[in-house]
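Engineer: You'll find model_25.txt just under this line, and it carries compact mmCIF, C-alpha atoms and all ligand atoms.
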```
# COMPACT_ATOMS: atom_id res chain seq x y z
CA MET A 1 -8.64 -19.49 11.72
CA GLU A 2 -6.51 -20.42 14.74
CA GLU A 3 -8.08 -18.78 17.76
CA GLU A 4 -5.49 -19.03 20.49
CA SER A 5 -2.57 -16.94 19.29
CA VAL A 6 -3.96 -13.61 18.13
CA ASP A 7 -1.62 -10.91 19.39
CA GLU A 8 -4.05 -8.12 20.23
CA GLU A 9 -1.11 -5.84 21.11
CA SER A 10 -0.25 -5.72 17.44
CA VAL A 11 -3.79 -4.84 16.39
CA ASP A 12 -3.89 -1.13 15.85
CA ARG A 13 -6.59 0.84 14.10
CA ILE A 14 -5.51 2.83 11.09
CA SER A 15 -5.79 6.55 11.44
CA LEU A 16 -4.29 9.45 9.56
CA PRO A 17 -1.11 10.79 11.12
CA THR A 18 -2.19 13.39 13.68
CA ASP A 19 0.22 15.96 12.27
CA LEU A 20 -1.24 15.63 8.77
CA GLN A 21 -1.72 19.17 7.61
CA PRO A 22 -5.29 19.81 6.49
CA PHE A 23 -4.15 21.18 3.14
CA TRP A 24 -2.59 17.88 2.05
CA PRO A 25 -5.37 16.33 -0.05
CA SER A 26 -6.15 12.67 0.52
CA HIS A 27 -5.85 11.68 -3.19
CA GLY A 28 -3.84 12.81 -6.23
CA GLY A 29 -4.80 15.77 -8.44
CA GLN A 30 -6.42 18.65 -6.44
CA ARG A 31 -4.23 21.18 -8.25
CA ASN A 32 -6.10 24.32 -7.18
CA ALA A 33 -5.95 23.57 -3.45
CA LEU A 34 -2.20 22.91 -3.68
CA LEU A 35 -1.46 25.96 -5.86
CA ALA A 36 -3.37 28.19 -3.43
CA HIS A 37 -1.53 26.76 -0.44
CA PHE A 38 1.87 27.39 -2.00
CA GLY A 39 0.90 30.91 -3.11
CA LEU A 40 0.79 30.18 -6.84
CA PRO A 41 -1.96 31.46 -9.16
CA ASP A 42 -4.66 29.16 -10.60
CA THR A 43 -3.15 29.84 -14.03
CA HIS A 44 0.26 28.39 -13.03
CA PRO A 45 1.02 25.74 -15.72
CA LEU A 46 1.16 22.28 -14.20
CA LEU A 47 1.83 18.79 -15.55
CA ASP A 48 -0.01 16.22 -13.44
CA PHE A 49 2.35 13.44 -12.30
CA SER A 50 0.25 12.80 -9.19
CA THR A 51 -2.35 10.43 -10.66
CA ASN A 52 -1.24 7.12 -12.15
CA LEU A 53 -3.35 6.97 -15.33
CA ASN A 54 -2.14 5.73 -18.72
CA PRO A 55 -1.19 8.79 -20.84
CA LEU A 56 -2.06 6.82 -24.03
CA GLY A 57 -5.73 6.49 -23.14
CA PRO A 58 -8.61 6.48 -23.42
CA PRO A 59 -8.41 4.47 -26.67
CA LYS A 60 -9.32 6.75 -29.60
CA TRP A 61 -12.50 4.87 -30.51
CA VAL A 62 -14.10 5.21 -27.05
CA ALA A 63 -15.72 8.65 -27.57
CA ALA A 64 -17.47 7.61 -30.81
CA GLN A 65 -18.59 4.32 -29.27
CA LEU A 66 -20.08 6.11 -26.28
CA ALA A 67 -21.96 8.49 -28.58
CA SER A 68 -23.37 5.56 -30.58
CA LEU A 69 -24.61 3.93 -27.36
CA SER A 70 -26.60 6.92 -26.14
CA ALA A 71 -30.00 5.47 -27.13
CA GLY A 72 -29.46 2.73 -24.55
CA LEU A 73 -29.55 5.30 -21.75
CA ALA A 74 -33.35 5.19 -21.92
CA LEU A 75 -33.27 1.55 -20.72
CA TYR A 76 -32.16 -0.10 -17.50
CA PRO A 77 -28.92 -2.05 -17.90
CA ASP A 78 -29.16 -5.85 -17.85
CA PRO A 79 -28.99 -6.48 -14.08
CA THR A 80 -26.92 -9.64 -14.58
CA TYR A 81 -24.37 -7.90 -16.85
CA ILE A 82 -23.98 -11.27 -18.49
CA ASN A 83 -22.38 -10.04 -21.73
CA ALA A 84 -19.71 -8.06 -19.88
CA ARG A 85 -19.10 -10.95 -17.48
CA ARG A 86 -18.73 -13.38 -20.41
CA ALA A 87 -16.22 -11.08 -22.07
CA ILE A 88 -14.19 -10.85 -18.84
CA ALA A 89 -14.45 -14.61 -18.27
CA ASP A 90 -13.17 -15.34 -21.81
CA CYS A 91 -10.29 -12.92 -21.32
CA GLU A 92 -9.32 -14.31 -17.90
CA GLY A 93 -9.86 -18.02 -18.57
CA VAL A 94 -12.56 -18.44 -15.90
CA SER A 95 -16.31 -18.97 -16.12
CA PRO A 96 -18.83 -16.08 -16.07
CA ASP A 97 -20.14 -17.19 -12.66
CA GLN A 98 -16.68 -16.37 -11.27
CA VAL A 99 -16.98 -12.71 -12.32
CA CYS A 100 -18.69 -9.79 -10.58
CA LEU A 101 -18.72 -6.51 -12.54
CA THR A 102 -18.18 -3.46 -10.32
CA ASN A 103 -18.38 0.31 -10.30
CA GLY A 104 -14.59 0.75 -10.47
CA GLY A 105 -11.95 -0.98 -8.40
CA SER A 106 -13.22 0.96 -5.39
CA GLU A 107 -16.58 -0.79 -5.32
CA ALA A 108 -14.69 -4.07 -5.71
CA ILE A 109 -12.70 -3.27 -2.54
CA PHE A 110 -15.78 -2.37 -0.47
CA LEU A 111 -17.82 -5.30 -1.79
CA ALA A 112 -15.06 -7.81 -1.04
CA ALA A 113 -14.60 -6.33 2.45
CA SER A 114 -18.34 -6.67 3.12
CA LEU A 115 -17.90 -10.46 3.22
CA PHE A 116 -15.75 -10.09 6.36
CA ALA A 117 -17.81 -7.65 8.45
CA GLY A 118 -16.72 -7.71 12.10
CA GLN A 119 -13.72 -9.99 11.41
CA LYS A 120 -9.94 -9.46 11.47
CA ALA A 121 -7.77 -8.19 8.62
CA ALA A 122 -4.13 -7.42 7.95
CA ILE A 123 -3.06 -4.81 5.40
CA LEU A 124 0.43 -4.54 3.94
CA GLN A 125 1.45 -0.91 4.40
CA PRO A 126 1.95 1.57 2.83
CA ALA A 127 -1.18 0.84 0.81
CA PHE A 128 -4.05 2.44 -1.09
CA GLY A 129 -6.10 4.19 1.61
CA GLU A 130 -9.45 2.72 0.57
CA TYR A 131 -8.54 -0.70 2.04
CA ALA A 132 -8.55 0.78 5.55
CA ARG A 133 -11.70 2.82 4.84
CA ALA A 134 -13.51 -0.30 3.61
CA CYS A 135 -12.41 -2.25 6.72
CA ASP A 136 -13.51 0.61 8.98
CA HIS A 137 -16.85 0.72 7.18
CA TYR A 138 -17.46 -2.97 7.93
CA ARG A 139 -15.96 -2.80 11.47
CA ILE A 140 -13.10 -5.09 10.47
CA ALA A 141 -10.19 -4.86 12.95
CA ILE A 142 -6.95 -4.06 11.15
CA THR A 143 -3.37 -4.95 11.87
CA GLN A 144 -0.74 -3.26 9.74
CA LEU A 145 2.08 -5.28 8.19
CA PRO A 146 4.94 -2.98 7.18
CA LEU A 147 6.71 -3.49 3.87
CA GLN A 148 10.44 -3.52 4.59
CA GLN A 149 12.51 -0.64 3.25
CA PRO A 150 14.50 -0.10 1.07
CA ALA A 151 12.92 -2.68 -1.30
CA PHE A 152 9.37 -2.25 0.09
CA LEU A 153 8.83 -6.01 0.09
CA PRO A 154 7.25 -7.98 2.96
CA ASP A 155 8.83 -9.96 5.74
CA GLU A 156 7.56 -13.46 4.99
CA SER A 157 7.40 -14.59 8.62
CA LEU A 158 5.11 -11.64 9.48
CA ILE A 159 2.81 -12.56 6.61
CA ARG A 160 2.73 -16.21 7.60
CA ASP A 161 1.84 -15.27 11.21
CA ALA A 162 -0.89 -12.96 9.93
CA ILE A 163 -2.32 -15.67 7.68
CA ARG A 164 -2.57 -17.96 10.71
CA GLN A 165 -4.16 -15.29 12.90
CA ARG A 166 -6.38 -13.13 10.67
CA ASP A 167 -9.45 -13.77 8.49
CA LEU A 168 -8.23 -11.81 5.50
CA ILE A 169 -5.07 -10.19 4.19
CA LEU A 170 -5.21 -7.28 1.74
CA ILE A 171 -2.30 -7.12 -0.70
CA ALA A 172 -1.82 -5.15 -3.91
CA ARG A 173 0.41 -6.35 -6.72
CA PRO A 174 1.86 -4.14 -7.96
CA ASN A 175 1.37 -2.10 -4.83
CA ASN A 176 0.22 1.52 -4.73
CA PRO A 177 2.08 3.76 -3.75
CA THR A 178 5.37 1.80 -3.86
CA ALA A 179 4.86 0.20 -7.34
CA THR A 180 6.75 -2.84 -6.01
CA LEU A 181 5.66 -6.35 -6.94
CA ILE A 182 5.50 -9.45 -4.76
CA PRO A 183 6.28 -12.41 -7.06
CA ALA A 184 3.25 -14.52 -7.97
CA GLU A 185 5.13 -17.63 -6.80
CA THR A 186 5.47 -16.13 -3.31
CA ILE A 187 1.75 -15.43 -3.06
CA SER A 188 1.00 -18.90 -4.44
CA ARG A 189 2.94 -20.33 -1.48
CA TRP A 190 1.04 -18.09 0.96
CA LEU A 191 -2.20 -19.28 -0.59
CA VAL A 192 -1.45 -22.88 0.40
CA LEU A 193 -1.13 -21.76 4.03
CA ALA A 194 -4.20 -19.50 3.67
CA GLU A 195 -6.31 -22.47 2.55
CA GLN A 196 -5.15 -24.49 5.57
CA SER A 197 -5.78 -21.56 7.97
CA HIS A 198 -9.12 -20.47 6.41
CA CYS A 199 -7.73 -17.03 5.75
CA THR A 200 -8.71 -15.23 2.52
CA LEU A 201 -6.14 -13.38 0.42
CA ILE A 202 -7.65 -10.34 -1.28
CA ILE A 203 -5.22 -9.40 -4.03
CA ASP A 204 -5.76 -6.04 -5.71
CA GLU A 205 -4.42 -6.30 -9.26
CA ALA A 206 -5.55 -2.81 -10.35
CA PHE A 207 -2.15 -2.17 -11.96
CA ILE A 208 -1.32 -5.71 -13.20
CA ASP A 209 -1.70 -4.69 -16.86
CA PHE A 210 1.29 -2.36 -16.48
CA CYS A 211 3.61 -5.19 -15.44
CA GLU A 212 6.05 -6.72 -17.89
CA PRO A 213 4.16 -8.81 -20.47
CA GLY A 214 4.18 -12.38 -19.18
CA GLU A 215 3.99 -11.42 -15.49
CA PRO A 216 1.49 -13.99 -14.17
CA SER A 217 -1.72 -12.88 -12.51
CA LEU A 218 -2.95 -14.93 -9.55
CA VAL A 219 -5.99 -15.79 -11.72
CA GLU A 220 -4.35 -19.14 -12.47
CA HIS A 221 -5.57 -20.27 -9.05
CA LEU A 222 -9.16 -19.63 -10.08
CA GLN A 223 -9.02 -21.37 -13.42
CA GLN A 224 -10.00 -24.97 -13.97
CA PRO A 225 -7.14 -27.30 -12.98
CA PRO A 226 -4.54 -28.15 -14.02
CA LEU A 227 -3.67 -24.63 -15.33
CA HIS A 228 -1.49 -23.83 -12.32
CA GLN A 229 0.80 -26.62 -11.17
CA SER A 230 0.37 -25.84 -7.45
CA CYS A 231 -3.46 -25.86 -7.67
CA LEU A 232 -5.33 -29.06 -7.06
CA HIS A 233 -8.63 -27.21 -7.02
CA GLN A 234 -9.99 -23.69 -7.58
CA SER A 235 -9.11 -21.63 -4.55
CA ARG A 236 -11.95 -20.61 -2.22
CA HIS A 237 -9.61 -18.31 -0.31
CA LEU A 238 -8.52 -15.97 -3.07
CA ILE A 239 -10.36 -12.84 -4.25
CA LEU A 240 -8.85 -10.84 -7.10
CA LEU A 241 -9.79 -7.19 -7.58
CA ARG A 242 -9.35 -5.44 -10.92
CA SER A 243 -9.83 -1.87 -12.08
CA MET A 244 -10.30 -0.82 -15.72
CA THR A 245 -9.65 2.81 -14.71
CA LYS A 246 -5.88 3.03 -14.87
CA LEU A 247 -5.03 1.15 -18.05
CA TYR A 248 -7.81 2.69 -20.17
CA THR A 249 -7.69 6.18 -18.57
CA LEU A 250 -11.39 6.09 -17.73
CA PRO A 251 -11.69 7.32 -14.11
CA GLY A 252 -15.00 9.00 -14.96
CA LEU A 253 -16.60 5.82 -16.32
CA ARG A 254 -16.17 3.63 -13.18
CA LEU A 255 -15.37 0.08 -14.26
CA GLY A 256 -13.80 -2.79 -12.39
CA TYR A 257 -14.46 -6.42 -11.53
CA ILE A 258 -13.90 -9.19 -9.01
CA LEU A 259 -12.70 -12.70 -9.82
CA ALA A 260 -13.24 -15.48 -7.29
CA HIS A 261 -14.72 -18.93 -6.74
CA ALA A 262 -18.33 -19.06 -8.00
CA ASP A 263 -19.67 -19.52 -4.43
CA LEU A 264 -18.02 -16.29 -3.28
CA ILE A 265 -19.21 -14.43 -6.38
CA GLN A 266 -22.77 -15.56 -5.68
CA ARG A 267 -22.53 -14.07 -2.18
CA LEU A 268 -21.10 -10.83 -3.58
CA LEU A 269 -23.81 -10.51 -6.23
CA ALA A 270 -26.46 -10.98 -3.55
CA ARG A 271 -25.21 -7.92 -1.65
CA GLN A 272 -24.27 -5.67 -4.60
CA MET A 273 -26.54 -2.67 -5.26
CA PRO A 274 -28.83 -3.19 -8.27
CA TRP A 275 -27.53 -1.58 -11.51
CA SER A 276 -24.34 -0.59 -9.78
CA VAL A 277 -22.57 -0.31 -13.13
CA ASN A 278 -24.12 2.06 -15.65
CA TYR A 279 -25.17 0.96 -19.15
CA LEU A 280 -22.40 2.79 -21.03
CA ALA A 281 -19.68 1.32 -18.85
CA ALA A 282 -21.08 -2.23 -19.09
CA GLU A 283 -21.30 -1.99 -22.89
CA LEU A 284 -17.67 -0.89 -23.15
CA VAL A 285 -16.23 -3.90 -21.30
CA ALA A 286 -16.07 -6.28 -24.30
CA PRO A 287 -14.57 -3.80 -26.81
CA LEU A 288 -12.03 -2.55 -24.26
CA LEU A 289 -10.84 -6.07 -23.51
CA ALA A 290 -10.68 -6.87 -27.23
CA ASP A 291 -8.36 -3.93 -27.93
CA ARG A 292 -5.08 -5.86 -27.80
CA PRO A 293 -3.16 -3.25 -29.87
CA PHE A 294 -3.85 -0.69 -27.12
CA LEU A 295 -2.39 -3.08 -24.55
CA GLN A 296 0.69 -3.66 -26.73
CA ALA A 297 1.19 0.07 -27.34
CA THR A 298 0.96 0.66 -23.58
CA ALA A 299 3.57 -2.01 -22.84
CA HIS A 300 5.91 -0.52 -25.47
CA TRP A 301 5.48 3.06 -24.18
CA LEU A 302 6.05 2.06 -20.56
CA ARG A 303 9.17 0.01 -21.25
CA THR A 304 10.65 2.78 -23.43
CA GLU A 305 9.93 5.59 -20.95
CA SER A 306 10.97 3.63 -17.83
CA ASP A 307 14.28 2.69 -19.50
CA TRP A 308 14.85 6.33 -20.47
CA LEU A 309 13.80 8.09 -17.28
CA LEU A 310 14.65 5.92 -14.28
CA PRO A 311 18.42 5.39 -14.85
CA GLN A 312 18.84 9.17 -15.25
CA LEU A 313 17.06 9.84 -11.96
CA LEU A 314 19.14 7.20 -10.16
CA ALA A 315 22.31 8.77 -11.60
CA LEU A 316 21.20 12.13 -10.15
CA GLY A 317 21.19 10.59 -6.68
CA TYR A 318 17.48 9.91 -6.21
CA ARG A 319 16.36 6.77 -4.40
CA ILE A 320 13.70 4.76 -6.29
CA PRO A 321 12.45 1.31 -5.19
CA THR A 322 12.34 -0.85 -8.37
CA PRO A 323 8.91 -0.18 -9.88
CA ALA A 324 6.75 -2.76 -11.68
CA ALA A 325 4.07 -0.30 -12.79
CA ASN A 326 3.51 3.09 -14.44
CA PHE A 327 4.62 5.13 -11.42
CA PHE A 328 7.38 5.13 -8.79
CA LEU A 329 8.34 6.39 -5.36
CA LEU A 330 11.20 8.88 -5.22
CA GLN A 331 13.33 10.30 -2.44
CA ASP A 332 16.39 12.52 -2.51
CA ALA A 333 19.22 10.29 -1.23
CA ASN A 334 21.14 13.37 0.00
CA PRO A 335 18.53 15.95 0.95
CA PRO A 336 19.51 19.41 2.25
CA ALA A 337 19.48 19.55 6.08
CA GLU A 338 16.27 21.60 6.25
CA GLU A 339 14.49 19.10 3.99
CA GLN A 340 14.91 16.10 6.33
CA PRO A 341 12.95 14.00 6.92
CA SER A 342 10.04 15.14 4.76
CA ALA A 343 10.02 15.72 1.01
CA ASP A 344 7.94 18.91 1.29
CA ALA A 345 10.63 21.26 -0.04
CA LEU A 346 11.16 19.03 -3.08
CA PHE A 347 7.38 18.91 -3.58
CA ARG A 348 7.28 22.73 -3.50
CA HIS A 349 10.24 23.00 -5.92
CA LEU A 350 8.52 20.66 -8.39
CA LEU A 351 5.27 22.61 -8.11
CA GLN A 352 7.10 25.85 -8.87
CA GLN A 353 8.70 24.12 -11.88
CA GLY A 354 5.26 23.09 -13.18
CA ILE A 355 5.22 19.48 -11.88
CA LEU A 356 2.43 18.19 -9.64
CA ALA A 357 3.75 15.23 -7.58
CA ARG A 358 1.76 13.04 -5.17
CA HIS A 359 2.72 13.76 -1.56
CA THR A 360 2.85 10.74 0.78
CA HIS A 361 1.74 12.32 4.07
CA ASN A 362 -1.29 10.06 4.31
CA PHE A 363 0.40 6.79 3.40
CA THR A 364 1.14 4.79 6.54
CA GLY A 365 4.89 4.29 6.88
CA LEU A 366 5.89 6.96 4.34
CA ASN A 367 4.92 10.05 6.37
CA GLY A 368 5.67 12.52 3.60
CA GLU A 369 9.28 11.35 3.25
CA TRP A 370 8.78 10.22 -0.35
CA LEU A 371 7.00 11.54 -3.44
CA ARG A 372 5.05 9.37 -5.87
CA LEU A 373 5.43 10.26 -9.54
CA ALA A 374 3.74 8.86 -12.65
CA ILE A 375 5.60 7.89 -15.81
CA ARG A 376 4.13 9.93 -18.66
CA SER A 377 4.91 10.91 -22.28
CA ARG A 378 8.51 11.64 -23.34
CA GLU A 379 7.80 15.38 -23.50
CA GLU A 380 6.35 15.43 -19.99
CA ASN A 381 9.08 13.14 -18.64
CA ARG A 382 11.68 15.55 -20.02
CA SER A 383 10.07 18.34 -17.98
CA LEU A 384 10.12 16.15 -14.85
CA LEU A 385 13.78 15.29 -15.41
CA ALA A 386 14.68 18.96 -15.90
CA ALA A 387 12.89 19.92 -12.67
CA LEU A 388 14.69 17.18 -10.72
CA GLN A 389 18.02 18.18 -12.31
CA SER A 390 17.53 21.78 -11.22
CA TRP A 391 16.77 20.64 -7.65
CA ARG A 392 20.01 18.65 -7.68
CA GLU A 393 21.99 21.64 -8.98
CA GLN A 394 20.57 23.85 -6.21
CA ASN A 395 21.22 21.20 -3.53
CA ARG A 396 24.62 19.64 -4.15
C1 LIG A 401 -4.37 -0.02 -5.83
C2 LIG A 401 -5.66 0.59 -6.27
N1 LIG A 401 -6.75 -0.19 -6.30
C3 LIG A 401 -7.95 0.30 -6.68
C4 LIG A 401 -8.09 1.63 -7.04
C5 LIG A 401 -9.46 2.14 -7.39
O1 LIG A 401 -9.61 2.24 -8.74
P1 LIG A 401 -10.95 2.82 -9.37
O2 LIG A 401 -10.65 4.22 -9.78
O3 LIG A 401 -11.21 1.90 -10.52
O4 LIG A 401 -12.03 2.78 -8.35
C6 LIG A 401 -6.98 2.47 -7.01
C7 LIG A 401 -7.11 3.90 -7.38
O5 LIG A 401 -6.20 4.69 -7.25
C8 LIG A 401 -5.74 1.95 -6.61
O6 LIG A 401 -4.64 2.70 -6.56
```
Would you encode the structure as structure tokens?
Ligand SMILES: Cc1ncc(COP(=O)(O)O)c(C=O)c1O

Structural biologist:
Amino acid sequence: MEEESVDEESVDRISLPTDLQPFWPSHGGQRNALLAHFGLPDTHPLLDFSTNLNPLGPPKWVAAQLASLSAGLALYPDPTYINARRAIADCEGVSPDQVCLTNGGSEAIFLAASLFAGQKAAILQPAFGEYARACDHYRIAITQLPLQQPAFLPDESLIRDAIRQRDLILIARPNNPTATLIPAETISRWLVLAEQSHCTLIIDEAFIDFCEPGEPSLVEHLQQPPLHQSCLHQSRHLILLRSMTKLYTLPGLRLGYILAHADLIQRLLARQMPWSVNYLAAELVAPLLADRPFLQATAHWLRTESDWLLPQLLALGYRIPTPAANFFLLQDANPPAEEQPSADALFRHLLQQGILARHTHNFTGLNGEWLRLAIRSREENRSLLAALQSWREQNR
């Protein structure tokens, strides 16, 4: 890392906006707290568009498979998780010593951050809040790099400066909460500079499986050459984070993994808690990855529903940055005067209409001015469309 030119003026610690109302929960869901705050009964029917899980999952066979595995609960899991790591390695085109199995994408974030304790990070904002929490936990100083509206894509010169000045950059592709995608080619170019500057790019690909089929993962940089034309060697400055939560609708199971150079993985394994991933979760890795029909059905559902829903919302006068995942940001392009600048009145309207949206009060740079909504089944999407149509009719 270049020492001389760090601009400490730009280094600000992340904190929640001071005016964040205590009733705004820090994650999606939390229906009862929100219903109570807005004076609605617990029994008020609500479709949950606030969490970004695949409505097709979990795959049908998962429940029976879990039941058949129950005898294994009397044993400790294999501490090396070698079968699961082999299955991931085969699927990703890397070797098992480049894989660390984790307790969800969240453990992957904290474990990766632990390698940089006391150092300097940059986070593209708005971003998933656990990046900042993980940096705080390991006393990593954070500078925030704003994504540029309206496209929510980064200013390349800011990123290049950050790569020269920081030890690590945290980027999600697609990003949560914006669902926007930085092209793999762009990050490949940044990686060349990162290698020269000894800066590590931590790329969270928790939602990569929802991208258009054929969208390249950055994993090409970790495979044996010459799989990616710009790679002369496996990168030592790239850490990929994956979650199996979103695609397979298994938030209760806790499964994720890290892909990186074998030397980095060795350091991560040395600091990971023993048996961090439970037996049932570890046993499910191989069959989940082998379920290609589920992946294809998901791709078909998402393309069909995105093509049906998003043009209708744009035609109603809502602003939506082009999404590359199973959710999107939404803002009323012509809000009523009393609604500006926050989207609270629209949030309340949707709640009354039986739609739970994700507020954005605790996303840096969004400040409650947008809502995040998941793409769900046709029946649910119809209800969302109707609720947004009725808001438009009331607020012409
Ligand atoms: C971008 C991103 N990465 C990682 C995670 C964590 O996923 P997991 O539930 O597997 O811990 C989330 C969860 O919302 C997320 O949005």

Engineer: Could you pull out the residues sitting within 6 Å of ligand LIG 401 (chain A), using all atoms listed in the file, and write them as a list in words?

Structural biologist: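 My answer, listing the contacting residues, is Gly104, Gly105, Ser106, Phe128, Asn176, Asp204, Ala206, Ser243, Met244, Thr245, Pro251, Arg254, Leu255 and Gly256 of chain A.
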
Engineer: For the residues selected in the previous step, produce a file with C-alpha atoms as a PDB file, in the frame of the given file.

Structural biologist:
```
ATOM      1  CA  GLY A 104     -14.590   0.750 -10.470  1.00  0.00           C
ATOM      2  CA  GLY A 105     -11.950  -0.980  -8.400  1.00  0.00           C
ATOM      3  CA  SER A 106     -13.220   0.960  -5.390  1.00  0.00           C
ATOM      4  CA  PHE A 128      -4.050   2.440  -1.090  1.00  0.00           C
ATOM      5  CA  ASN A 176       0.220   1.520  -4.730  1.00  0.00           C
ATOM      6  CA  ASP A 204      -5.760  -6.040  -5.710  1.00  0.00           C
ATOM      7  CA  ALA A 206      -5.550  -2.810 -10.350  1.00  0.00           C
ATOM      8  CA  SER A 243      -9.830  -1.870 -12.080  1.00  0.00           C
ATOM      9  CA  MET A 244     -10.300  -0.820 -15.720  1.00  0.00           C
ATOM     10  CA  THR A 245      -9.650   2.810 -14.710  1.00  0.00           C
ATOM     11  CA  PRO A 251     -11.690   7.320 -14.110  1.00  0.00           C
ATOM     12  CA  ARG A 254     -16.170   3.630 -13.180  1.00  0.00           C
ATOM     13  CA  LEU A 255     -15.370   0.080 -14.260  1.00  0.00           C
ATOM     14  CA  GLY A 256     -13.800  -2.790 -12.390  1.00  0.00           C
TER      15      GLY A 256
END
```

Engineer: If you measure from CA of Phe23 (chain A) to CA of Ile109 (chain A), what distance in Å do you get, rounded to one decimal?

Structural biologist: 26.5 Å

Engineer: Which residue gives the smallest distance to Ala112 (chain A) among A:Gln144, A:Thr180, A:Gln266, A:Ser26, with only C-alpha atoms counted?

Structural biologist: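 For Ala112 (chain A), the nearest of the candidates is A:Gln266.
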
Engineer: Which protein, DNA or RNA residues have an atom at most 12 Å from (-4.9, -3.8, -28.0), counting all atoms listed in the file? List them as a list in words.

Structural biologist: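 Within 12 Å of (-4.9, -3.8, -28.0), the protein and nucleic acid residues are Leu56, Gly57, Pro58, Pro59, Lys60, Trp61, Asp209, Leu247, Tyr248, Pro287, Leu288, Leu289, Ala290, Asp291, Arg292, Pro293, Phe294, Leu295, Gln296, Ala297, Thr298, Ala299 and His300 of chain A.
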
Engineer: Compile a residue-level contact table for region 113-157 of chain A against region 320-344 of chain A at a cut-off of 8 Å, reporting for every qualifying residue the shortest atom pair and its distance in Å to one decimal, with only C-alpha atoms counted, rows ordered by chain and ascending number, as a Markdown table.

Structural biologist:
```
| residue | atom | partner | partner_atom | distance |
| --- | --- | --- | --- | --- |
| A:Pro150 | CA | A:Pro321 | CA | 6.7 |
| A:Ala151 | CA | A:Pro321 | CA | 5.6 |
| A:Phe152 | CA | A:Pro321 | CA | 7.1 |
```

Engineer: For C-alpha atoms, I'd like the residues from the last selection saved as a PDB file, in the frame of the given file.

Structural biologist:
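Below you can see again.pdb, which holds the result:
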```
ATOM      1  CA  PRO A 150      14.500  -0.100   1.070  1.00  0.00           C
ATOM      2  CA  ALA A 151      12.920  -2.680  -1.300  1.00  0.00           C
ATOM      3  CA  PHE A 152       9.370  -2.250   0.090  1.00  0.00           C
TER       4      PHE A 152
END
```

Engineer: With the cut-off set at 10 Å and counting only C-alpha atoms, tabulate each residue of region 131-167 of chain A with an atom at most that distance from an atom of region 362-366 of chain A, showing the nearest atom pair and its distance in Å to one decimal, ordered by chain and increasing number, as a tab-separated table.

Structural biologist:
```
residue	atom	partner	partner_atom	distance
A:Gln144	CA	A:Thr364	CA	8.9
A:Pro146	CA	A:Gly365	CA	7.3
A:Leu147	CA	A:Gly365	CA	8.5
A:Gln148	CA	A:Gly365	CA	9.9
A:Gln149	CA	A:Gly365	CA	9.8
```

Engineer: Identify which of the residues A:Asp167, A:Ile140, A:Ala179, A:Leu259 lies closest to Leu241 (chain A), counting only C-alpha atoms when measuring atom-to-atom distances.

Structural biologist: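 Under the stated criterion, the closest residue is A:Leu259.
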
Engineer: List every protein, DNA or RNA residue that has an atom no more than 9 Å from (-19.0, -2.3, -18.5) in the file's coordinate frame, counting only C-alpha atoms, and report them as an MDAnalysis selection string.

Structural biologist: chainID A and resid 81 84:85 101:103 253:256 277:286
